[in-house]
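Pasted below: data-v9.pdb, PDB, C-alpha atoms.
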```pdb
ATOM      1  CA  MET A 875     111.335 108.530 102.409  1.00  0.00           C
ATOM      2  CA  GLU A 876     110.438 105.000 103.491  1.00  0.00           C
ATOM      3  CA  THR A 877     113.201 103.285 105.425  1.00  0.00           C
ATOM      4  CA  LEU A 878     114.077  99.957 103.780  1.00  0.00           C
ATOM      5  CA  VAL A 879     117.421  99.323 105.488  1.00  0.00           C
ATOM      6  CA  THR A 880     118.089 100.054 109.154  1.00  0.00           C
ATOM      7  CA  TYR A 881     121.432 100.534 110.920  1.00  0.00           C
ATOM      8  CA  SER A 882     122.214 100.097 114.592  1.00  0.00           C
ATOM      9  CA  VAL A 883     125.318  99.439 116.678  1.00  0.00           C
ATOM     10  CA  ALA A 884     125.813  98.141 120.190  1.00  0.00           C
ATOM     11  CA  ASP A 885     128.689  96.507 122.042  1.00  0.00           C
ATOM     12  CA  GLY A 886     130.970  96.627 119.016  1.00  0.00           C
ATOM     13  CA  VAL A 887     128.462  94.968 116.686  1.00  0.00           C
ATOM     14  CA  ALA A 888     126.837  96.932 113.866  1.00  0.00           C
ATOM     15  CA  ARG A 889     123.665  95.562 112.314  1.00  0.00           C
ATOM     16  CA  LEU A 890     122.353  96.288 108.850  1.00  0.00           C
ATOM     17  CA  THR A 891     118.825  94.951 108.432  1.00  0.00           C
ATOM     18  CA  LEU A 892     117.012  94.643 105.128  1.00  0.00           C
ATOM     19  CA  ASP A 893     113.575  95.815 106.203  1.00  0.00           C
ATOM     20  CA  SER A 894     111.275  95.696 103.184  1.00  0.00           C
ATOM     21  CA  PRO A 895     109.331  92.479 103.824  1.00  0.00           C
ATOM     22  CA  HIS A 896     106.309  93.628 101.812  1.00  0.00           C
ATOM     23  CA  ASN A 897     108.250  92.967  98.583  1.00  0.00           C
ATOM     24  CA  ARG A 898     110.645  90.330  99.917  1.00  0.00           C
ATOM     25  CA  ASN A 899     113.548  92.745 100.246  1.00  0.00           C
ATOM     26  CA  VAL A 900     114.028  93.003  96.492  1.00  0.00           C
ATOM     27  CA  LEU A 901     117.008  95.002  95.266  1.00  0.00           C
ATOM     28  CA  SER A 902     115.046  98.065  94.258  1.00  0.00           C
ATOM     29  CA  THR A 903     116.846 101.299  93.442  1.00  0.00           C
ATOM     30  CA  ARG A 904     115.819 102.683  96.835  1.00  0.00           C
ATOM     31  CA  LEU A 905     116.874  99.620  98.836  1.00  0.00           C
ATOM     32  CA  ILE A 906     120.223  99.444  97.007  1.00  0.00           C
ATOM     33  CA  GLY A 907     120.845 103.116  97.778  1.00  0.00           C
ATOM     34  CA  GLN A 908     119.998 102.725 101.451  1.00  0.00           C
ATOM     35  CA  LEU A 909     122.064  99.561 101.748  1.00  0.00           C
ATOM     36  CA  HIS A 910     125.054 101.353 100.263  1.00  0.00           C
ATOM     37  CA  ASP A 911     124.523 104.238 102.690  1.00  0.00           C
ATOM     38  CA  GLY A 912     124.396 101.776 105.563  1.00  0.00           C
ATOM     39  CA  LEU A 913     127.624 100.102 104.466  1.00  0.00           C
ATOM     40  CA  ARG A 914     129.342 103.495 104.324  1.00  0.00           C
ATOM     41  CA  GLN A 915     127.998 104.326 107.776  1.00  0.00           C
ATOM     42  CA  ALA A 916     129.313 101.061 109.184  1.00  0.00           C
ATOM     43  CA  ALA A 917     132.722 101.569 107.558  1.00  0.00           C
ATOM     44  CA  ALA A 918     132.992 105.028 109.136  1.00  0.00           C
ATOM     45  CA  ASP A 919     131.771 103.933 112.575  1.00  0.00           C
ATOM     46  CA  PRO A 920     134.766 103.542 114.929  1.00  0.00           C
ATOM     47  CA  THR A 921     132.645 101.585 117.409  1.00  0.00           C
ATOM     48  CA  ALA A 922     131.787  98.863 114.872  1.00  0.00           C
ATOM     49  CA  ARG A 923     134.160  95.897 115.039  1.00  0.00           C
ATOM     50  CA  VAL A 924     131.832  93.337 113.435  1.00  0.00           C
ATOM     51  CA  LEU A 925     128.995  93.885 110.954  1.00  0.00           C
ATOM     52  CA  VAL A 926     125.953  91.602 110.886  1.00  0.00           C
ATOM     53  CA  LEU A 927     123.797  91.711 107.750  1.00  0.00           C
ATOM     54  CA  THR A 928     120.306  90.370 108.375  1.00  0.00           C
ATOM     55  CA  HIS A 929     116.649  90.822 107.402  1.00  0.00           C
ATOM     56  CA  THR A 930     113.036  91.016 108.469  1.00  0.00           C
ATOM     57  CA  GLY A 931     110.333  88.787 107.021  1.00  0.00           C
ATOM     58  CA  GLY A 932     110.526  85.328 105.515  1.00  0.00           C
ATOM     59  CA  THR A 933     112.877  86.292 102.677  1.00  0.00           C
ATOM     60  CA  PHE A 934     116.424  87.583 103.054  1.00  0.00           C
ATOM     61  CA  CYS A 935     116.467  88.967  99.498  1.00  0.00           C
ATOM     62  CA  ALA A 936     114.508  88.008  96.383  1.00  0.00           C
ATOM     63  CA  GLY A 937     116.974  89.535  93.921  1.00  0.00           C
ATOM     64  CA  ALA A 938     116.349  92.275  91.379  1.00  0.00           C
ATOM     65  CA  ASP A 939     113.178  94.346  91.459  1.00  0.00           C
ATOM     66  CA  LEU A 940     111.607  93.037  88.264  1.00  0.00           C
ATOM     67  CA  SER A 941     108.923  95.713  88.344  1.00  0.00           C
ATOM     68  CA  GLU A 942     111.736  98.196  87.722  1.00  0.00           C
ATOM     69  CA  ALA A 943     113.777  96.030  85.381  1.00  0.00           C
ATOM     70  CA  ALA A 944     110.809  95.239  83.134  1.00  0.00           C
ATOM     71  CA  GLY A 945     110.041  98.911  82.669  1.00  0.00           C
ATOM     72  CA  GLY A 946     112.190  99.378  79.598  1.00  0.00           C
ATOM     73  CA  ASP A 947     115.012 101.465  81.065  1.00  0.00           C
ATOM     74  CA  PRO A 948     117.643 102.464  78.500  1.00  0.00           C
ATOM     75  CA  PHE A 949     120.971 100.655  78.386  1.00  0.00           C
ATOM     76  CA  GLU A 950     122.974 103.281  80.293  1.00  0.00           C
ATOM     77  CA  SER A 951     120.463 103.445  83.150  1.00  0.00           C
ATOM     78  CA  THR A 952     120.517  99.670  83.425  1.00  0.00           C
ATOM     79  CA  VAL A 953     124.319  99.636  83.450  1.00  0.00           C
ATOM     80  CA  ALA A 954     124.332 102.277  86.187  1.00  0.00           C
ATOM     81  CA  ARG A 955     121.980 100.203  88.359  1.00  0.00           C
ATOM     82  CA  THR A 956     124.187  97.140  87.858  1.00  0.00           C
ATOM     83  CA  ARG A 957     127.326  99.086  88.740  1.00  0.00           C
ATOM     84  CA  GLU A 958     125.692 100.222  91.976  1.00  0.00           C
ATOM     85  CA  LEU A 959     124.996  96.595  92.903  1.00  0.00           C
ATOM     86  CA  ALA A 960     128.619  95.762  92.103  1.00  0.00           C
ATOM     87  CA  ALA A 961     129.710  98.648  94.339  1.00  0.00           C
ATOM     88  CA  ILE A 962     127.659  97.247  97.226  1.00  0.00           C
ATOM     89  CA  LEU A 963     129.132  93.784  96.789  1.00  0.00           C
ATOM     90  CA  ARG A 964     132.621  95.268  96.700  1.00  0.00           C
ATOM     91  CA  ALA A 965     131.942  97.360  99.806  1.00  0.00           C
ATOM     92  CA  ILE A 966     131.061  94.193 101.722  1.00  0.00           C
ATOM     93  CA  VAL A 967     134.177  92.400 100.470  1.00  0.00           C
ATOM     94  CA  GLU A 968     136.406  95.430 101.185  1.00  0.00           C
ATOM     95  CA  SER A 969     134.986  96.113 104.647  1.00  0.00           C
ATOM     96  CA  PRO A 970     137.888  96.013 107.130  1.00  0.00           C
ATOM     97  CA  VAL A 971     135.587  94.491 109.735  1.00  0.00           C
ATOM     98  CA  PRO A 972     134.219  90.965 109.312  1.00  0.00           C
ATOM     99  CA  VAL A 973     130.743  90.789 107.791  1.00  0.00           C
ATOM    100  CA  VAL A 974     128.461  88.016 109.036  1.00  0.00           C
ATOM    101  CA  ALA A 975     125.179  87.235 107.272  1.00  0.00           C
ATOM    102  CA  ALA A 976     122.360  86.007 109.503  1.00  0.00           C
ATOM    103  CA  ILE A 977     119.740  84.436 107.224  1.00  0.00           C
ATOM    104  CA  ASP A 978     116.508  82.799 108.310  1.00  0.00           C
ATOM    105  CA  GLY A 979     114.528  82.902 105.098  1.00  0.00           C
ATOM    106  CA  HIS A 980     114.662  82.501 101.351  1.00  0.00           C
ATOM    107  CA  VAL A 981     117.326  83.864  99.018  1.00  0.00           C
ATOM    108  CA  ARG A 982     116.893  84.210  95.273  1.00  0.00           C
ATOM    109  CA  ALA A 983     118.963  85.397  92.320  1.00  0.00           C
ATOM    110  CA  GLY A 984     120.798  88.651  93.121  1.00  0.00           C
ATOM    111  CA  GLY A 985     120.342  88.033  96.830  1.00  0.00           C
ATOM    112  CA  LEU A 986     122.888  85.240  96.529  1.00  0.00           C
ATOM    113  CA  GLY A 987     125.439  87.855  95.493  1.00  0.00           C
ATOM    114  CA  LEU A 988     125.075  89.478  98.909  1.00  0.00           C
ATOM    115  CA  VAL A 989     125.520  86.076 100.533  1.00  0.00           C
ATOM    116  CA  GLY A 990     128.672  85.404  98.532  1.00  0.00           C
ATOM    117  CA  ALA A 991     130.159  88.767  99.491  1.00  0.00           C
ATOM    118  CA  CYS A 992     129.937  88.137 103.243  1.00  0.00           C
ATOM    119  CA  ASP A 993     132.827  86.575 105.143  1.00  0.00           C
ATOM    120  CA  ILE A 994     130.751  84.221 107.268  1.00  0.00           C
ATOM    121  CA  VAL A 995     127.166  83.134 106.576  1.00  0.00           C
ATOM    122  CA  VAL A 996     124.750  81.371 108.912  1.00  0.00           C
ATOM    123  CA  ALA A 997     121.436  80.174 107.457  1.00  0.00           C
ATOM    124  CA  GLY A 998     118.485  78.635 109.248  1.00  0.00           C
ATOM    125  CA  GLN A 999     116.686  75.453 108.359  1.00  0.00           C
ATOM    126  CA  ARG A1000     113.815  77.249 106.643  1.00  0.00           C
ATOM    127  CA  SER A1001     116.220  78.993 104.270  1.00  0.00           C
ATOM    128  CA  THR A1002     116.200  78.066 100.585  1.00  0.00           C
ATOM    129  CA  PHE A1003     118.335  79.282  97.712  1.00  0.00           C
ATOM    130  CA  ALA A1004     117.927  79.480  93.936  1.00  0.00           C
ATOM    131  CA  LEU A1005     119.629  81.196  91.006  1.00  0.00           C
ATOM    132  CA  THR A1006     116.578  81.724  88.810  1.00  0.00           C
ATOM    133  CA  GLU A1007     117.992  84.242  86.309  1.00  0.00           C
ATOM    134  CA  ALA A1008     118.095  81.890  83.314  1.00  0.00           C
ATOM    135  CA  ARG A1009     114.365  81.211  83.718  1.00  0.00           C
ATOM    136  CA  ILE A1010     113.567  84.844  82.885  1.00  0.00           C
ATOM    137  CA  GLY A1011     116.124  85.323  80.131  1.00  0.00           C
ATOM    138  CA  VAL A1012     119.048  86.852  82.028  1.00  0.00           C
ATOM    139  CA  ALA A1013     122.100  85.482  83.876  1.00  0.00           C
ATOM    140  CA  PRO A1014     123.753  85.844  87.297  1.00  0.00           C
ATOM    141  CA  ALA A1015     126.413  88.039  85.736  1.00  0.00           C
ATOM    142  CA  ILE A1016     127.513  90.666  88.243  1.00  0.00           C
ATOM    143  CA  ILE A1017     126.937  88.423  91.259  1.00  0.00           C
ATOM    144  CA  SER A1018     129.405  85.938  89.771  1.00  0.00           C
ATOM    145  CA  LEU A1019     132.080  88.249  91.173  1.00  0.00           C
ATOM    146  CA  THR A1020     131.268  86.976  94.661  1.00  0.00           C
ATOM    147  CA  LEU A1021     129.711  83.594  93.894  1.00  0.00           C
ATOM    148  CA  LEU A1022     132.238  81.881  91.628  1.00  0.00           C
ATOM    149  CA  PRO A1023     135.146  82.301  94.086  1.00  0.00           C
ATOM    150  CA  LYS A1024     133.054  80.656  96.818  1.00  0.00           C
ATOM    151  CA  ILE A1025     131.121  77.748  95.279  1.00  0.00           C
ATOM    152  CA  SER A1026     132.447  74.725  93.434  1.00  0.00           C
ATOM    153  CA  ALA A1027     132.546  74.787  89.620  1.00  0.00           C
ATOM    154  CA  ARG A1028     130.199  71.804  89.373  1.00  0.00           C
ATOM    155  CA  ALA A1029     127.683  73.430  91.709  1.00  0.00           C
ATOM    156  CA  ALA A1030     127.858  76.698  89.776  1.00  0.00           C
ATOM    157  CA  ALA A1031     127.128  74.930  86.498  1.00  0.00           C
ATOM    158  CA  ARG A1032     124.208  73.023  88.002  1.00  0.00           C
ATOM    159  CA  TYR A1033     122.474  75.836  89.829  1.00  0.00           C
ATOM    160  CA  TYR A1034     123.212  78.607  87.302  1.00  0.00           C
ATOM    161  CA  LEU A1035     121.622  76.488  84.570  1.00  0.00           C
ATOM    162  CA  THR A1036     118.775  74.640  86.272  1.00  0.00           C
ATOM    163  CA  GLY A1037     117.467  77.376  88.562  1.00  0.00           C
ATOM    164  CA  GLU A1038     116.448  74.658  91.003  1.00  0.00           C
ATOM    165  CA  THR A1039     115.947  75.327  94.698  1.00  0.00           C
ATOM    166  CA  PHE A1040     118.319  73.936  97.323  1.00  0.00           C
ATOM    167  CA  ASN A1041     118.373  74.048 101.102  1.00  0.00           C
ATOM    168  CA  ALA A1042     120.804  75.344 103.712  1.00  0.00           C
ATOM    169  CA  GLU A1043     122.600  72.021 104.132  1.00  0.00           C
ATOM    170  CA  ARG A1044     123.308  71.884 100.398  1.00  0.00           C
ATOM    171  CA  ALA A1045     124.365  75.548 100.434  1.00  0.00           C
ATOM    172  CA  ALA A1046     126.949  74.680 103.093  1.00  0.00           C
ATOM    173  CA  GLU A1047     128.169  71.661 101.110  1.00  0.00           C
ATOM    174  CA  ILE A1048     128.911  73.746  98.014  1.00  0.00           C
ATOM    175  CA  GLY A1049     130.542  76.612  99.918  1.00  0.00           C
ATOM    176  CA  LEU A1050     127.819  79.226  99.514  1.00  0.00           C
ATOM    177  CA  ILE A1051     127.261  79.499 103.273  1.00  0.00           C
ATOM    178  CA  THR A1052     129.427  78.705 106.268  1.00  0.00           C
ATOM    179  CA  THR A1053     126.951  76.718 108.311  1.00  0.00           C
ATOM    180  CA  ALA A1054     123.318  75.646 108.477  1.00  0.00           C
ATOM    181  CA  ALA A1055     121.959  76.170 111.985  1.00  0.00           C
ATOM    182  CA  ASP A1056     118.864  75.223 113.909  1.00  0.00           C
ATOM    183  CA  ASP A1057     119.158  78.448 115.910  1.00  0.00           C
ATOM    184  CA  VAL A1058     120.530  81.257 113.734  1.00  0.00           C
ATOM    185  CA  THR A1059     120.670  83.804 116.551  1.00  0.00           C
ATOM    186  CA  ALA A1060     122.667  81.538 118.850  1.00  0.00           C
ATOM    187  CA  ALA A1061     125.054  80.511 116.093  1.00  0.00           C
ATOM    188  CA  VAL A1062     125.666  84.123 115.041  1.00  0.00           C
ATOM    189  CA  ASP A1063     126.127  85.262 118.638  1.00  0.00           C
ATOM    190  CA  SER A1064     128.773  82.583 119.172  1.00  0.00           C
ATOM    191  CA  LEU A1065     130.659  83.564 116.016  1.00  0.00           C
ATOM    192  CA  VAL A1066     130.466  87.259 116.870  1.00  0.00           C
ATOM    193  CA  ALA A1067     131.881  86.572 120.344  1.00  0.00           C
ATOM    194  CA  ASP A1068     134.855  84.824 118.755  1.00  0.00           C
ATOM    195  CA  LEU A1069     135.343  87.639 116.238  1.00  0.00           C
ATOM    196  CA  LEU A1070     135.321  90.296 118.948  1.00  0.00           C
ATOM    197  CA  ARG A1071     138.332  88.574 120.519  1.00  0.00           C
ATOM    198  CA  GLY A1072     140.411  89.603 117.496  1.00  0.00           C
ATOM    199  CA  SER A1073     142.180  92.952 117.327  1.00  0.00           C
ATOM    200  CA  PRO A1074     140.940  95.428 114.676  1.00  0.00           C
ATOM    201  CA  GLN A1075     144.304  95.278 112.902  1.00  0.00           C
ATOM    202  CA  GLY A1076     144.494  91.497 113.117  1.00  0.00           C
ATOM    203  CA  LEU A1077     140.990  91.052 111.772  1.00  0.00           C
ATOM    204  CA  ALA A1078     141.488  93.508 108.906  1.00  0.00           C
ATOM    205  CA  ALA A1079     144.789  91.969 107.837  1.00  0.00           C
ATOM    206  CA  SER A1080     143.478  88.418 108.134  1.00  0.00           C
ATOM    207  CA  LYS A1081     140.364  89.255 106.126  1.00  0.00           C
ATOM    208  CA  ALA A1082     142.463  90.924 103.419  1.00  0.00           C
ATOM    209  CA  LEU A1083     144.264  87.631 102.836  1.00  0.00           C
ATOM    210  CA  THR A1084     140.944  85.927 102.088  1.00  0.00           C
ATOM    211  CA  THR A1085     139.569  88.637  99.799  1.00  0.00           C
ATOM    212  CA  SER A1086     142.506  89.762  97.643  1.00  0.00           C
ATOM    213  CA  ALA A1087     141.736  87.366  94.798  1.00  0.00           C
ATOM    214  CA  ILE A1088     138.043  88.319  94.866  1.00  0.00           C
ATOM    215  CA  LEU A1089     138.892  92.017  94.661  1.00  0.00           C
ATOM    216  CA  ALA A1090     141.252  91.323  91.759  1.00  0.00           C
ATOM    217  CA  GLY A1091     138.258  89.768  90.004  1.00  0.00           C
ATOM    218  CA  PHE A1092     136.256  92.939  90.599  1.00  0.00           C
ATOM    219  CA  ASP A1093     139.086  94.971  89.059  1.00  0.00           C
ATOM    220  CA  ARG A1094     139.196  92.754  85.970  1.00  0.00           C
ATOM    221  CA  GLU A1095     135.571  91.948  85.338  1.00  0.00           C
ATOM    222  CA  THR A1096     133.139  94.523  86.771  1.00  0.00           C
ATOM    223  CA  GLU A1097     132.747  96.683  83.674  1.00  0.00           C
ATOM    224  CA  ARG A1098     132.428  93.737  81.311  1.00  0.00           C
ATOM    225  CA  LEU A1099     129.872  91.990  83.483  1.00  0.00           C
ATOM    226  CA  ALA A1100     127.882  95.187  84.046  1.00  0.00           C
ATOM    227  CA  ASP A1101     127.615  95.681  80.277  1.00  0.00           C
ATOM    228  CA  GLU A1102     126.687  92.041  79.741  1.00  0.00           C
ATOM    229  CA  SER A1103     124.041  92.161  82.456  1.00  0.00           C
ATOM    230  CA  ALA A1104     122.524  95.350  81.016  1.00  0.00           C
ATOM    231  CA  ARG A1105     122.385  93.909  77.495  1.00  0.00           C
ATOM    232  CA  LEU A1106     120.530  90.886  78.800  1.00  0.00           C
ATOM    233  CA  PHE A1107     118.082  92.897  80.907  1.00  0.00           C
ATOM    234  CA  ILE A1108     117.057  95.198  78.024  1.00  0.00           C
ATOM    235  CA  SER A1109     116.615  92.357  75.525  1.00  0.00           C
ATOM    236  CA  ASP A1110     113.185  91.402  74.190  1.00  0.00           C
ATOM    237  CA  GLU A1111     113.584  87.889  75.545  1.00  0.00           C
ATOM    238  CA  ALA A1112     114.305  89.102  79.076  1.00  0.00           C
ATOM    239  CA  ARG A1113     111.470  91.602  78.937  1.00  0.00           C
ATOM    240  CA  GLU A1114     109.123  88.744  78.054  1.00  0.00           C
ATOM    241  CA  GLY A1115     110.548  86.608  80.861  1.00  0.00           C
ATOM    242  CA  MET A1116     110.178  89.334  83.482  1.00  0.00           C
ATOM    243  CA  THR A1117     106.698  90.304  82.306  1.00  0.00           C
ATOM    244  CA  ALA A1118     105.602  86.662  82.376  1.00  0.00           C
ATOM    245  CA  PHE A1119     106.945  86.311  85.908  1.00  0.00           C
ATOM    246  CA  LEU A1120     105.098  89.411  87.105  1.00  0.00           C
ATOM    247  CA  GLN A1121     101.909  88.271  85.372  1.00  0.00           C
ATOM    248  CA  LYS A1122     102.318  84.752  86.795  1.00  0.00           C
ATOM    249  CA  ARG A1123     102.161  83.069  83.401  1.00  0.00           C
ATOM    250  CA  PRO A1124     104.582  80.896  81.416  1.00  0.00           C
ATOM    251  CA  PRO A1125     107.026  82.814  79.208  1.00  0.00           C
ATOM    252  CA  ALA A1126     106.701  82.543  75.456  1.00  0.00           C
ATOM    253  CA  TRP A1127     109.468  79.929  75.144  1.00  0.00           C
ATOM    254  CA  LEU A1128     107.403  77.502  77.235  1.00  0.00           C
ATOM    255  CA  THR A1129     104.188  77.827  75.223  1.00  0.00           C
TER     256      THR A1129
END
```
Spell out the structure here as structure tokens.
Amino acid sequence: METLVTYSVADGVARLTLDSPHNRNVLSTRLIGQLHDGLRQAAADPTARVLVLTHTGGTFCAGADLSEAAGGDPFESTVARTRELAAILRAIVESPVPVVAAIDGHVRAGGLGLVGACDIVVAGQRSTFALTEARIGVAPAIISLTLLPKISARAAARYYLTGETFNAERAAEIGLITTAADDVTAAVDSLVADLLRGSPQGLAASKALTTSAILAGFDRETERLADESARLFISDEAREGMTAFLQKRPPAWLT
């Protein structure tokens, strides 16, 4: 099986790397499965005191794999895929060790859910962000569990609805990321050094204070949002939007 997510650990720092640059690290069934396996491995690794989530290639994550989603999967299969994404987001939020995202590339749609789930996020100057779901007939439903607690209400309304692209400085302004950096590696290394000064118990308890409300949202809303997301993805309108995107043509509502 092709390896799409790699795991390594050294000097107390575990690294999970999205390593499928040929398709922009889309959230395919295989990548989601390997990412979840990597998160479990990190959680069970007693040598890991900080987890860094990063990527290869010019895109951190381009969101859902539309080649899969446009294939006409039945409702229950689509719900199952959405629940697995929710489980990954929750695993990041629940991780007792701090999770730092190191991003030096583009992030689209579902990829922003991963960003929102991390505790600290550093993005480089070439990074761009966009929530493009509405342009293909769906919505950022399940990723709202990690996005809405982090970004301002005004920013959510703007970027959920317009699908426009914004840069790392704007992402920091609205609370999506922690900092925009000229040198992502140096910025992450500095943060990791500070994190490693904390005790495992102190870090876990401190993180829990920042994530309790987010986890309560998962408890309340995951099933409803998974159903809503699946209904949208199997609709005729969404199928047209995804097919148009893959065929690089305007969708029917623009013609």
Across A:Thr1117, A:Thr1053, A:Thr1006, A:Ser1064, the smallest distance to A:Thr1039, with all atoms listed in the file counted, is shown by A:Thr1006
Taking all atoms listed in the file into account, which of A:Ala936, A:Leu1077, A:Leu927, A:Leu1120 comes nearest A:Ser894?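 Ranking A:Ala936, A:Leu1077, A:Leu927, A:Leu1120 by distance to A:Ser894, first place goes to A:Ala936.
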Next item on the list: Show which residues sit within 12 Å of A:His980, as JSON, numbers by chain. Count all atoms listed in the file, and ignore same-chain residues fewer than 4 positions away.
Entry: {"A": [895, 898, 899, 900, 928, 929, 930, 931, 932, 933, 934, 935, 936, 937, 976, 984, 985, 986, 989, 997, 998, 999, 1000, 1001, 1002, 1003, 1004, 1005, 1039, 1040, 1041, 1042, 1045]}
Run the PyMOL selection byres ((chain A and resi 1118) around 12) on the file and write out the hits as a CSV table (one decimal) with C-alpha atoms, keeping the file's coordinate frame.
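Output below, filename selection_38.csv:
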```csv
chain,number,residue,atom,x,y,z
A,940,LEU,CA,111.6,93.0,88.3
A,941,SER,CA,108.9,95.7,88.3
A,944,ALA,CA,110.8,95.2,83.1
A,1009,ARG,CA,114.4,81.2,83.7
A,1010,ILE,CA,113.6,84.8,82.9
A,1011,GLY,CA,116.1,85.3,80.1
A,1111,GLU,CA,113.6,87.9,75.5
A,1112,ALA,CA,114.3,89.1,79.1
A,1113,ARG,CA,111.5,91.6,78.9
A,1114,GLU,CA,109.1,88.7,78.1
A,1115,GLY,CA,110.5,86.6,80.9
A,1116,MET,CA,110.2,89.3,83.5
A,1117,THR,CA,106.7,90.3,82.3
A,1119,PHE,CA,106.9,86.3,85.9
A,1120,LEU,CA,105.1,89.4,87.1
A,1121,GLN,CA,101.9,88.3,85.4
A,1122,LYS,CA,102.3,84.8,86.8
A,1123,ARG,CA,102.2,83.1,83.4
A,1124,PRO,CA,104.6,80.9,81.4
A,1125,PRO,CA,107.0,82.8,79.2
A,1126,ALA,CA,106.7,82.5,75.5
A,1127,TRP,CA,109.5,79.9,75.1
A,1128,LEU,CA,107.4,77.5,77.2
A,1129,THR,CA,104.2,77.8,75.2
```
request  = Run the PyMOL selection byres ((chain A and resi 903) around 12) mentally over the shown coordinates, then write out the matched residues as a list in words, using the chain letters and numbers from the document.
outcome  =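 Residues picked by the PyMOL selection byres ((chain A and resi 903) around 12): Leu878, Asn899, Val900, Leu901, Ser902, Arg904, Leu905, Ile906, Gly907, Gln908, Leu909, His910, Gly937, Ala938, Asp939, Leu940, Ser941, Glu942, Ala943, Ser951, Thr952, Ala954, Arg955, Thr956, Arg957, Glu958 and Leu959 of chain A.
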Written as a VMD selection string, which residues does the PyMOL selection byres ((chain A and resi 915) around 12) give for the file shown? chain A and resid 879 to 883 888 to 890 908 to 914 916 to 922 925 965 969
At a cut-off of 12 Å, using all atoms listed in the file, what residues contact A:Gln1075? Leave out same-chain residues fewer than 3 positions from it and give the result as a list in words. Arg923, Pro970, Val971, Pro972, Leu1070, Arg1071, Gly1072, Ala1078, Ala1079, Ser1080, Lys1081 and Ala1082 of chain A
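Minimum atom-to-atom distances from A:Tyr1034, A:Asp978, A:Glu968, A:Arg1094 to A:Ala1061 were compared using only C-alpha atoms, and the lowest value belongs to A:Asp978.
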- Message: Could you check the closest approach to A:Gly886 for each of A:Asp1056, A:Leu1069, A:Leu963, A:Leu1021 and tell me which residue wins, using all atoms listed in the file?
- Response: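 Closest to A:Gly886, using all atoms listed in the file: A:Leu1069.
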Quiz prompt | atom CA of A:Glu1043 to atom CA of A:Ala1067, distance in Å rounded to a single decimal | solution =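 Computed distance, atom CA of A:Glu1043 to atom CA of A:Ala1067, equals 23.7 Å.
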If you measure from atom CA of A:Val981 to atom CA of A:Thr877, what distance in Å do you get, rounded to one decimal?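 Taking atom CA of A:Val981 and atom CA of A:Thr877, their separation equals 20.9 Å.
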Here atom CA of A:Ala1104 and atom CA of A:Ala960 stand apart by 12.7 Å
